[in-house]
file my_file_6.tsv (TSV, C-alpha atoms)
chain	number	residue	atom	x	y	z
D	28	MET	CA	23.09	9.51	-6.26
D	29	ASN	CA	25.55	9.61	-9.16
D	30	GLU	CA	25.83	13.33	-8.73
D	31	PRO	CA	28.71	15.02	-10.60
D	32	GLN	CA	31.19	17.10	-8.62
D	33	PRO	CA	30.19	20.79	-8.83
D	34	ALA	CA	33.38	22.02	-10.50
D	35	ARG	CA	33.56	19.38	-13.19
D	36	ARG	CA	30.80	20.39	-15.57
D	37	PRO	CA	28.04	22.98	-15.97
D	38	GLY	CA	24.80	21.90	-14.33
D	39	GLY	CA	26.66	20.58	-11.28
D	40	ARG	CA	25.01	23.00	-8.91
D	41	SER	CA	21.57	22.19	-10.24
D	42	ALA	CA	22.22	18.45	-9.83
D	43	ARG	CA	23.47	19.03	-6.28
D	44	VAL	CA	20.38	21.03	-5.34
D	45	GLY	CA	18.19	18.31	-6.89
D	46	ALA	CA	19.91	15.61	-4.82
D	47	GLN	CA	19.70	17.66	-1.61
D	48	VAL	CA	16.02	18.35	-2.09
D	49	HIS	CA	15.28	14.69	-2.89
D	50	GLN	CA	17.15	13.56	0.21
D	51	ALA	CA	15.31	16.15	2.35
D	52	VAL	CA	11.97	14.77	1.13
D	53	THR	CA	12.99	11.19	1.93
D	54	ASP	CA	14.21	12.20	5.39
D	55	LEU	CA	11.00	14.11	6.17
D	56	ILE	CA	8.82	11.20	5.04
D	57	ASN	CA	10.79	8.88	7.31
D	58	GLU	CA	10.57	11.24	10.28
D	59	ARG	CA	7.09	12.71	10.01
D	60	GLY	CA	5.18	10.59	7.51
D	61	TYR	CA	3.69	11.61	4.20
D	62	GLY	CA	1.67	14.82	4.30
D	63	ASN	CA	3.11	16.17	7.53
D	64	PHE	CA	5.51	18.68	5.98
D	65	THR	CA	5.49	21.61	3.58
D	66	VAL	CA	7.67	22.94	0.75
D	67	GLY	CA	9.15	25.32	3.37
D	68	ASP	CA	10.20	22.36	5.56
D	69	VAL	CA	11.82	20.64	2.57
D	70	ALA	CA	13.70	23.78	1.53
D	71	ALA	CA	14.93	24.43	5.09
D	72	ARG	CA	16.15	20.83	5.46
D	73	ALA	CA	17.88	20.94	2.04
D	74	GLY	CA	19.45	24.32	2.78
D	75	VAL	CA	17.94	26.01	-0.28
D	76	ALA	CA	15.44	28.84	-0.75
D	77	ASP	CA	11.71	28.02	-0.94
D	78	SER	CA	11.66	29.82	-4.29
D	79	SER	CA	14.21	27.35	-5.73
D	80	VAL	CA	11.86	24.50	-4.95
D	81	TYR	CA	8.79	26.27	-6.34
D	82	ARG	CA	10.68	27.34	-9.49
D	83	ARG	CA	11.89	23.84	-10.25
D	84	TRP	CA	8.96	21.65	-9.15
D	85	GLY	CA	5.97	23.98	-8.95
D	86	GLY	CA	4.69	22.53	-5.67
D	87	LEU	CA	4.78	19.71	-3.13
D	88	GLU	CA	2.81	17.09	-5.07
D	89	ALA	CA	5.01	17.41	-8.16
D	90	LEU	CA	8.11	17.19	-5.98
D	91	LEU	CA	6.86	14.08	-4.15
D	92	THR	CA	5.98	12.50	-7.49
D	93	ASP	CA	9.45	13.24	-8.84
D	94	VAL	CA	11.11	11.74	-5.77
D	95	ALA	CA	9.00	8.58	-5.83
D	96	LEU	CA	9.55	8.02	-9.55
D	97	THR	CA	13.25	8.76	-9.52
D	98	ARG	CA	13.98	6.49	-6.58
D	99	LEU	CA	11.67	3.62	-7.44
D	100	ASN	CA	12.85	3.52	-11.05
D	101	ALA	CA	16.54	3.95	-10.20
D	102	GLN	CA	17.07	0.22	-10.26
D	103	SER	CA	20.24	-1.73	-10.56
D	104	PRO	CA	20.83	-2.85	-14.17
D	105	MET	CA	18.37	-5.53	-15.23
D	106	PRO	CA	19.78	-9.00	-14.60
D	107	ASP	CA	20.90	-11.10	-17.58
D	108	THR	CA	21.89	-14.44	-16.09
D	109	GLY	CA	21.21	-16.63	-19.14
D	110	SER	CA	18.02	-18.25	-17.80
D	111	LEU	CA	14.52	-16.99	-17.10
D	112	ALA	CA	14.46	-18.47	-13.59
D	113	GLY	CA	17.84	-16.86	-12.82
D	114	ASP	CA	16.76	-13.47	-14.17
D	115	LEU	CA	13.47	-13.48	-12.26
D	116	ARG	CA	15.07	-14.59	-9.00
D	117	THR	CA	17.74	-11.89	-9.33
D	118	TYR	CA	15.18	-9.22	-10.24
D	119	ALA	CA	12.89	-10.20	-7.33
D	120	ALA	CA	15.88	-10.08	-4.96
D	121	GLN	CA	16.74	-6.57	-6.25
D	122	VAL	CA	13.18	-5.37	-5.61
D	123	ALA	CA	13.26	-6.96	-2.14
D	124	ARG	CA	16.51	-5.14	-1.34
D	125	GLU	CA	15.11	-1.88	-2.65
D	126	ILE	CA	11.90	-2.00	-0.57
D	127	THR	CA	13.54	-3.28	2.61
D	128	GLY	CA	16.45	-0.80	2.37
D	129	PRO	CA	16.74	2.36	4.51
D	130	ASP	CA	14.26	4.44	2.46
D	131	GLY	CA	12.33	1.54	0.96
D	132	LEU	CA	9.27	1.61	3.19
D	133	ALA	CA	9.02	5.40	2.97
D	134	LEU	CA	9.13	5.23	-0.83
D	135	LEU	CA	6.61	2.42	-1.02
D	136	ARG	CA	4.26	4.35	1.25
D	137	LEU	CA	4.79	7.48	-0.84
D	138	ALA	CA	3.90	5.59	-4.03
D	139	VAL	CA	0.73	4.29	-2.36
D	140	ALA	CA	-0.18	7.71	-0.99
D	141	LEU	CA	0.30	9.35	-4.40
D	142	ALA	CA	-1.66	6.62	-6.15
D	143	GLY	CA	-4.94	7.95	-4.81
D	144	THR	CA	-4.36	11.66	-5.30
D	145	GLY	CA	-4.63	14.07	-8.21
D	146	ASP	CA	-3.36	13.95	-11.78
D	147	GLN	CA	0.31	14.00	-10.88
D	148	GLY	CA	-0.19	11.14	-8.44
D	149	ALA	CA	-1.98	9.06	-11.06
D	150	GLN	CA	0.77	9.93	-13.52
D	151	ALA	CA	3.45	8.79	-11.06
D	152	ARG	CA	1.60	5.55	-10.40
D	153	ASP	CA	1.12	4.86	-14.12
D	154	ALA	CA	4.73	5.72	-14.93
D	155	LEU	CA	5.97	3.38	-12.21
D	156	ARG	CA	3.76	0.57	-13.51
D	157	ALA	CA	4.88	1.22	-17.09
D	158	GLU	CA	8.55	1.18	-16.12
D	159	ARG	CA	8.23	-2.08	-14.17
D	160	THR	CA	6.37	-3.64	-17.11
D	161	ARG	CA	9.02	-2.42	-19.58
D	162	GLN	CA	11.81	-3.93	-17.47
D	163	LEU	CA	10.03	-7.26	-17.23
D	164	GLN	CA	9.14	-7.26	-20.92
D	165	SER	CA	12.76	-6.93	-22.02
D	166	MET	CA	13.67	-9.84	-19.74
D	167	PHE	CA	10.83	-11.94	-21.16
D	168	ASP	CA	11.82	-11.08	-24.75
D	169	ARG	CA	15.31	-12.42	-24.11
D	170	ALA	CA	13.83	-15.58	-22.57
D	171	ARG	CA	11.62	-16.10	-25.63
D	172	GLY	CA	14.71	-15.64	-27.82
D	173	ARG	CA	16.31	-18.55	-25.94
D	174	GLY	CA	13.22	-20.71	-26.51
D	175	GLU	CA	11.92	-20.35	-22.94
D	176	ASP	CA	8.25	-19.72	-22.13
D	177	PRO	CA	7.97	-16.58	-19.97
D	178	PRO	CA	4.95	-15.86	-17.74
D	179	ASP	CA	2.58	-12.93	-18.13
D	180	ALA	CA	3.87	-9.65	-16.60
D	181	PHE	CA	0.61	-9.47	-14.59
D	182	ASP	CA	1.34	-12.86	-13.03
D	183	PHE	CA	4.66	-11.49	-11.84
D	184	LEU	CA	2.90	-8.42	-10.41
D	185	ASP	CA	0.20	-10.48	-8.68
D	186	HIS	CA	2.24	-13.36	-7.33
D	187	VAL	CA	5.76	-12.00	-6.80
D	188	LEU	CA	5.70	-8.20	-6.48
D	189	ALA	CA	2.33	-7.82	-4.69
D	190	PRO	CA	3.11	-10.27	-1.84
D	191	MET	CA	6.50	-8.60	-1.30
D	192	TYR	CA	4.99	-5.10	-1.28
D	193	ILE	CA	2.17	-6.08	1.10
D	194	ARG	CA	4.45	-7.98	3.48
D	195	VAL	CA	6.80	-4.99	3.73
D	196	LEU	CA	3.90	-2.57	4.16
D	197	PHE	CA	2.47	-4.77	6.90
D	198	GLY	CA	5.76	-5.09	8.73
D	199	MET	CA	6.65	-8.68	7.89
D	200	GLU	CA	10.13	-9.89	7.00
D	201	LEU	CA	11.28	-10.87	3.49
D	202	THR	CA	13.82	-13.68	3.60
D	203	PRO	CA	15.79	-14.69	0.46
D	204	GLY	CA	14.19	-18.14	0.67
D	205	TYR	CA	10.72	-16.60	0.72
D	206	VAL	CA	11.45	-14.40	-2.31
D	207	ASP	CA	12.93	-17.29	-4.33
D	208	GLY	CA	9.90	-19.37	-3.35
D	209	LEU	CA	7.52	-16.80	-4.82
D	210	VAL	CA	9.38	-16.89	-8.16
D	211	ASP	CA	9.60	-20.69	-8.24
D	212	ARG	CA	5.94	-21.07	-7.40
D	213	MET	CA	4.96	-18.67	-10.19
D	214	LEU	CA	7.14	-20.47	-12.76
C	18	MET	CA	-23.03	2.16	10.56
C	19	ASN	CA	-25.40	0.23	12.83
C	20	GLU	CA	-25.83	3.31	14.93
C	21	PRO	CA	-28.78	3.22	17.33
C	22	GLN	CA	-31.36	5.96	17.09
C	23	PRO	CA	-30.56	8.65	19.69
C	24	ALA	CA	-33.82	8.36	21.66
C	25	ARG	CA	-33.92	4.57	21.94
C	26	ARG	CA	-31.24	3.83	24.53
C	27	PRO	CA	-28.69	5.58	26.72
C	28	GLY	CA	-25.40	6.08	24.92
C	29	GLY	CA	-27.18	7.09	21.73
C	30	ARG	CA	-25.57	10.50	21.65
C	31	SER	CA	-22.11	9.08	22.17
C	32	ALA	CA	-22.65	6.57	19.36
C	33	ARG	CA	-23.93	9.33	17.09
C	34	VAL	CA	-20.90	11.53	17.78
C	35	GLY	CA	-18.65	8.54	17.15
C	36	ALA	CA	-20.28	7.85	13.78
C	37	GLN	CA	-20.14	11.54	12.77
C	38	VAL	CA	-16.47	11.82	13.65
C	39	HIS	CA	-15.63	8.58	11.81
C	40	GLN	CA	-17.48	9.77	8.72
C	41	ALA	CA	-15.73	13.15	8.89
C	42	VAL	CA	-12.35	11.40	8.93
C	43	THR	CA	-13.28	9.24	5.91
C	44	ASP	CA	-14.53	12.28	4.00
C	45	LEU	CA	-11.38	14.28	4.75
C	46	ILE	CA	-9.11	11.41	3.67
C	47	ASN	CA	-11.04	11.18	0.41
C	48	GLU	CA	-10.89	14.90	-0.22
C	49	ARG	CA	-7.45	15.90	1.02
C	50	GLY	CA	-5.47	12.72	1.49
C	51	TYR	CA	-3.98	11.30	4.65
C	52	GLY	CA	-2.08	13.80	6.76
C	53	ASN	CA	-3.58	16.92	5.26
C	54	PHE	CA	-6.03	17.71	8.05
C	55	THR	CA	-6.07	18.30	11.80
C	56	VAL	CA	-8.27	17.35	14.75
C	57	GLY	CA	-9.83	20.82	14.36
C	58	ASP	CA	-10.80	20.05	10.74
C	59	VAL	CA	-12.37	16.75	11.78
C	60	ALA	CA	-14.32	18.35	14.63
C	61	ALA	CA	-15.58	21.16	12.38
C	62	ARG	CA	-16.71	18.71	9.70
C	63	ALA	CA	-18.42	16.47	12.28
C	64	GLY	CA	-20.10	19.43	13.96
C	65	VAL	CA	-18.60	18.67	17.39
C	66	ALA	CA	-16.19	20.53	19.66
C	67	ASP	CA	-12.45	19.88	19.33
C	68	SER	CA	-12.44	19.00	23.01
C	69	SER	CA	-14.92	16.14	22.40
C	70	VAL	CA	-12.47	14.58	19.94
C	71	TYR	CA	-9.47	15.04	22.23
C	72	ARG	CA	-11.37	13.70	25.25
C	73	ARG	CA	-12.49	10.56	23.47
C	74	TRP	CA	-9.50	9.73	21.23
C	75	GLY	CA	-6.58	11.69	22.68
C	76	GLY	CA	-5.27	12.82	19.29
C	77	LEU	CA	-5.29	12.42	15.52
C	78	GLU	CA	-3.24	9.23	15.24
C	79	ALA	CA	-5.42	7.35	17.73
C	80	LEU	CA	-8.53	8.57	15.91
C	81	LEU	CA	-7.21	7.50	12.49
C	82	THR	CA	-6.26	4.11	13.90
C	83	ASP	CA	-9.74	3.68	15.38
C	84	VAL	CA	-11.38	4.57	12.05
C	85	ALA	CA	-9.18	2.22	10.02
C	86	LEU	CA	-9.70	-0.70	12.39
C	87	THR	CA	-13.42	-0.20	12.82
C	88	ARG	CA	-14.10	0.03	9.13
C	89	LEU	CA	-11.71	-2.61	7.86
C	90	ASN	CA	-12.83	-5.12	10.47
C	91	ALA	CA	-16.55	-4.36	10.09
C	92	GLN	CA	-16.94	-7.19	7.63
C	93	SER	CA	-20.07	-8.92	6.51
C	94	PRO	CA	-20.62	-12.21	8.40
C	95	MET	CA	-18.06	-14.83	7.42
C	96	PRO	CA	-19.40	-17.01	4.61
C	97	ASP	CA	-20.41	-20.60	5.38
C	98	THR	CA	-21.33	-22.11	2.03
C	99	GLY	CA	-20.56	-25.73	2.82
C	100	SER	CA	-17.34	-25.97	0.80
C	101	LEU	CA	-13.87	-24.47	1.16
C	102	ALA	CA	-13.82	-23.21	-2.44
C	103	GLY	CA	-17.24	-21.58	-1.97
C	104	ASP	CA	-16.25	-19.96	1.33
C	105	LEU	CA	-12.98	-18.60	-0.06
C	106	ARG	CA	-14.57	-17.27	-3.25
C	107	THR	CA	-17.31	-15.55	-1.22
C	108	TYR	CA	-14.82	-14.14	1.29
C	109	ALA	CA	-12.54	-12.84	-1.50
C	110	ALA	CA	-15.55	-11.24	-3.22
C	111	GLN	CA	-16.49	-9.53	0.09
C	112	VAL	CA	-12.98	-8.12	0.47
C	113	ALA	CA	-13.04	-6.97	-3.18
C	114	ARG	CA	-16.36	-5.18	-2.60
C	115	GLU	CA	-15.03	-3.60	0.58
C	116	ILE	CA	-11.83	-2.21	-1.01
C	117	THR	CA	-13.47	-1.07	-4.25
C	118	GLY	CA	-16.44	0.53	-2.42
C	119	PRO	CA	-16.86	4.29	-1.92
C	120	ASP	CA	-14.39	4.55	1.02
C	121	GLY	CA	-12.37	1.45	0.22
C	122	LEU	CA	-9.32	3.07	-1.35
C	123	ALA	CA	-9.20	5.73	1.37
C	124	LEU	CA	-9.27	3.05	4.06
C	125	LEU	CA	-6.66	0.91	2.36
C	126	ARG	CA	-4.39	3.93	2.00
C	127	LEU	CA	-5.00	4.82	5.63
C	128	ALA	CA	-4.03	1.31	6.75
C	129	VAL	CA	-0.83	1.53	4.67
C	130	ALA	CA	-0.05	5.02	5.95
C	131	LEU	CA	-0.54	3.95	9.57
C	132	ALA	CA	1.53	0.80	9.08
C	133	GLY	CA	4.75	2.80	9.01
C	134	THR	CA	4.06	5.20	11.85
C	135	GLY	CA	4.31	5.03	15.63
C	136	ASP	CA	3.07	2.52	18.17
C	137	GLN	CA	-0.61	3.08	17.49
C	138	GLY	CA	-0.05	2.57	13.76
C	139	ALA	CA	1.81	-0.68	14.37
C	140	GLN	CA	-0.96	-1.73	16.74
C	141	ALA	CA	-3.63	-0.99	14.10
C	142	ARG	CA	-1.69	-2.92	11.47
C	143	ASP	CA	-1.16	-5.91	13.77
C	144	ALA	CA	-4.79	-5.89	14.91
C	145	LEU	CA	-5.97	-5.85	11.29
C	146	ARG	CA	-3.68	-8.73	10.41
C	147	ALA	CA	-4.78	-10.67	13.50
C	148	GLU	CA	-8.46	-10.14	12.71
C	149	ARG	CA	-8.05	-11.27	9.08
C	150	THR	CA	-6.12	-14.35	10.24
C	151	ARG	CA	-8.77	-15.18	12.86
C	152	GLN	CA	-11.54	-14.96	10.25
C	153	LEU	CA	-9.69	-17.23	7.85
C	154	GLN	CA	-8.76	-19.67	10.58
C	155	SER	CA	-12.37	-20.24	11.58
C	156	MET	CA	-13.21	-20.91	7.93
C	157	PHE	CA	-10.30	-23.33	7.62
C	158	ASP	CA	-11.28	-25.13	10.83
C	159	ARG	CA	-14.74	-25.79	9.41
C	160	ALA	CA	-13.17	-27.07	6.18
C	161	ARG	CA	-10.93	-29.44	8.12
C	162	GLY	CA	-14.01	-30.66	10.02
C	163	ARG	CA	-15.53	-31.62	6.64
C	164	GLY	CA	-12.36	-33.51	5.68
C	165	GLU	CA	-11.12	-30.81	3.29
C	166	ASP	CA	-7.49	-29.68	3.15
C	167	PRO	CA	-7.32	-25.90	3.67
C	168	PRO	CA	-4.33	-23.80	2.53
C	169	ASP	CA	-2.05	-21.81	4.80
C	170	ALA	CA	-3.44	-18.40	5.86
C	171	PHE	CA	-0.22	-16.84	4.51
C	172	ASP	CA	-0.86	-18.33	1.06
C	173	PHE	CA	-4.23	-16.61	1.07
C	174	LEU	CA	-2.58	-13.33	2.10
C	175	ASP	CA	0.17	-13.61	-0.54
C	176	HIS	CA	-1.81	-14.89	-3.51
C	177	VAL	CA	-5.37	-13.63	-3.02
C	178	LEU	CA	-5.42	-10.59	-0.71
C	179	ALA	CA	-2.07	-9.03	-1.75
C	180	PRO	CA	-2.81	-8.96	-5.51
C	181	MET	CA	-6.25	-7.44	-4.83
C	182	TYR	CA	-4.83	-4.80	-2.47
C	183	ILE	CA	-2.00	-3.85	-4.87
C	184	ARG	CA	-4.26	-3.73	-7.93
C	185	VAL	CA	-6.71	-1.41	-6.14
C	186	LEU	CA	-3.87	0.76	-4.80
C	187	PHE	CA	-2.41	0.99	-8.31
C	188	GLY	CA	-5.73	1.91	-9.90
C	189	MET	CA	-6.50	-1.35	-11.70
C	190	GLU	CA	-9.93	-2.92	-11.88
C	191	LEU	CA	-11.00	-6.05	-9.95
C	192	THR	CA	-13.48	-8.13	-11.94
C	193	PRO	CA	-15.39	-11.04	-10.32
C	194	GLY	CA	-13.67	-13.40	-12.78
C	195	TYR	CA	-10.27	-12.13	-11.74
C	196	VAL	CA	-11.02	-12.56	-8.02
C	197	ASP	CA	-12.41	-16.10	-8.49
C	198	GLY	CA	-9.33	-16.89	-10.58
C	199	LEU	CA	-7.01	-15.91	-7.72
C	200	VAL	CA	-8.82	-18.26	-5.34
C	201	ASP	CA	-8.95	-21.14	-7.83
C	202	ARG	CA	-5.28	-20.77	-8.68
C	203	MET	CA	-4.35	-20.82	-4.98
C	204	LEU	CA	-6.46	-23.94	-4.31

call {"tool": "encode", "arguments": {"input": "my_file_6.tsv", "output": "structure tokens"}}
result
Amino acid sequence: MNEPQPARRPGGRSARVGAQVHQAVTDLINERGYGNFTVGDVAARAGVADSSVYRRWGGLEALLTDVALTRLNAQSPMPDTGSLAGDLRTYAAQVAREITGPDGLALLRLAVALAGTGDQGAQARDALRAERTRQLQSMFDRARGRGEDPPDAFDFLDHVLAPMYIRVLFGMELTPGYVDGLVDRML
Amino acid sequence: MNEPQPARRPGGRSARVGAQVHQAVTDLINERGYGNFTVGDVAARAGVADSSVYRRWGGLEALLTDVALTRLNAQSPMPDTGSLAGDLRTYAAQVAREITGPDGLALLRLAVALAGTGDQGAQARDALRAERTRQLQSMFDRARGRGEDPPDAFDFLDHVLAPMYIRVLFGMELTPGYVDGLVDRML
């Protein structure tokens, strides 16, 4: 939430409303589950008018898509530790922190819920996949530049990200040793 | 849907209502997404009274849990091909068919959605995990009896089931070659 202070620059109010609405969505998903609230509920929780939400996002699906994409792609800077194994371990640990954090499960469930819905859901899913692939690709390019032999991005999805996602979705713990083990096994 | 014909034995009507209500839930998840329908919608679609649904299931969450568990655990008989590799390849192919079938994505999304909700959701998730583990364990016991060295059930979850689940949830295709490859790589 690197939201500027309202007085400092134009657009501050708009950014503040955006952050309030995003937080309201995350809270409502945590409390009621995906699909059990309306644009009116979001607006009331955020303390803004329904019409502000409709004007900016058009409707609930577009808003949910925006929240999922913004939060899931708002990663810490990509690691650059000097070795492929170091980068992948650090990246996997970042993802683990993100999905086990306070809103992590809600966001993961939102991404899954959107994945099966209409055009905007498919767009959100594809954008998330593209962003993850782009992040990995830049890490792999650096590794290749150092003469290392990086894996396929799909191998990382299948054997590092997928087990972490499924374990969190199914209520199992992710220990640092487990996450490192997934990376080491893949390499 | 091994539903008995109504006239053949007592309990036929109850089984028929059960099957109609389950199908109505699956249809509504496919059409509207999880969370976007009520017990009244389910009853109307199934052609039964709301009170029949409330009497039998108590409420929507218990009904959704029942549907997810019944369908996801209604597997084909466990394979017994004479070798561990054959059993695991056949089992993985069965799961792939199940989750890419007409209701597969809806059921997978339902299981994920329930996984983060209240007690009944947690119960559904744990029961599903327990059932999958039990199925694998019986396969592994047979392998051990033949002098083979079976993997850990968690390795199968992490490196065969999780990639398949995530790929289906994220709209990617599962080819037979891909599924066999996951099993071979794990072994």

call {"tool": "atom_distance", "arguments": {"input": "my_file_6.tsv", "atom1": "atom CA of D:Asp176", "atom2": "atom CA of D:Leu214"}}
result
9.5 Å

call {"tool": "calpha_fit_rmsd", "arguments": {"input": "my_file_6.tsv", "fixed": "chain C", "moving": "chain D"}}
result
0.1 Å

call {"tool": "atom_distance", "arguments": {"input": "my_file_6.tsv", "atom1": "atom CA of C:Leu105", "atom2": "atom CA of D:His186"}}
result
17.7 Å

call {"tool": "interface_residues", "arguments": {"input": "my_file_6.tsv", "of": "chain C", "to": "chain D", "cutoff": "6 Å", "atoms": "only C-alpha atoms", "output": "PDB file with C-alpha atoms, keeping the file's coordinate frame"}}
result
ATOM      1  CA  GLY C  52      -2.080  13.800   6.760  1.00  0.00           C
ATOM      2  CA  ASN C  53      -3.580  16.920   5.260  1.00  0.00           C
ATOM      3  CA  ASP C 175       0.170 -13.610  -0.540  1.00  0.00           C
ATOM      4  CA  HIS C 176      -1.810 -14.890  -3.510  1.00  0.00           C
ATOM      5  CA  ALA C 179      -2.070  -9.030  -1.750  1.00  0.00           C
ATOM      6  CA  PRO C 180      -2.810  -8.960  -5.510  1.00  0.00           C
ATOM      7  CA  ILE C 183      -2.000  -3.850  -4.870  1.00  0.00           C
TER       8      ILE C 183
END

call {"tool": "atom_distance", "arguments": {"input": "my_file_6.tsv", "atom1": "atom CA of D:Gly131", "atom2": "atom CA of D:Pro203"}}
result
16.6 Å

call {"tool": "residues_around", "arguments": {"input": "my_file_6.tsv", "residues": "C:Ala160", "least_positions_apart": "2", "cutoff": "10 Å", "atoms": "all atoms listed in the file", "output": "PyMOL selection string"}}
result
chain C and resi 97+99-102+104+154-158+162-167

call {"tool": "residues_around", "arguments": {"input": "my_file_6.tsv", "residues": "D:Val66", "least_positions_apart": "2", "cutoff": "6 Å", "atoms": "all atoms listed in the file", "output": "list in words"}}
result
Asp68, Val69 and Leu87 of chain D

call {"tool": "closest_residue", "arguments": {"input": "my_file_6.tsv", "among": "C:Met203, C:Val84, C:Ala109, C:Val38", "to": "C:Ala60", "atoms": "all atoms listed in the file"}}
result
C:Val38

call {"tool": "residues_near_point", "arguments": {"input": "my_file_6.tsv", "point": "(-13.5, 1.8, 2.8)", "cutoff": "12 Å", "atoms": "only C-alpha atoms", "output": "number ranges by chain"}}
result
C: 39-40, 42-44, 46-47, 84-92, 112-128, 185

call {"tool": "residues_near_point", "arguments": {"input": "my_file_6.tsv", "point": "(-20.8, 15.1, 17.2)", "cutoff": "7 Å", "atoms": "all atoms listed in the file", "output": "VMD selection string"}}
result
chain C and resid 33 to 35 37 to 38 63 to 65

call {"tool": "closest_residue", "arguments": {"input": "my_file_6.tsv", "among": "C:Val70, C:Arg202, C:Arg62, C:Pro168", "to": "C:Ser31", "atoms": "all atoms listed in the file"}}
result
C:Val70

call {"tool": "residues_around", "arguments": {"input": "my_file_6.tsv", "residues": "C:Pro96", "least_positions_apart": "2", "cutoff": "8 Å", "atoms": "only C-alpha atoms", "output": "PDB file with C-alpha atoms, in the coordinates of the input"}}
result
ATOM      1  CA  PRO C  94     -20.620 -12.210   8.400  1.00  0.00           C
ATOM      2  CA  THR C  98     -21.330 -22.110   2.030  1.00  0.00           C
ATOM      3  CA  ASP C 104     -16.250 -19.960   1.330  1.00  0.00           C
ATOM      4  CA  THR C 107     -17.310 -15.550  -1.220  1.00  0.00           C
ATOM      5  CA  TYR C 108     -14.820 -14.140   1.290  1.00  0.00           C
TER       6      TYR C 108
END
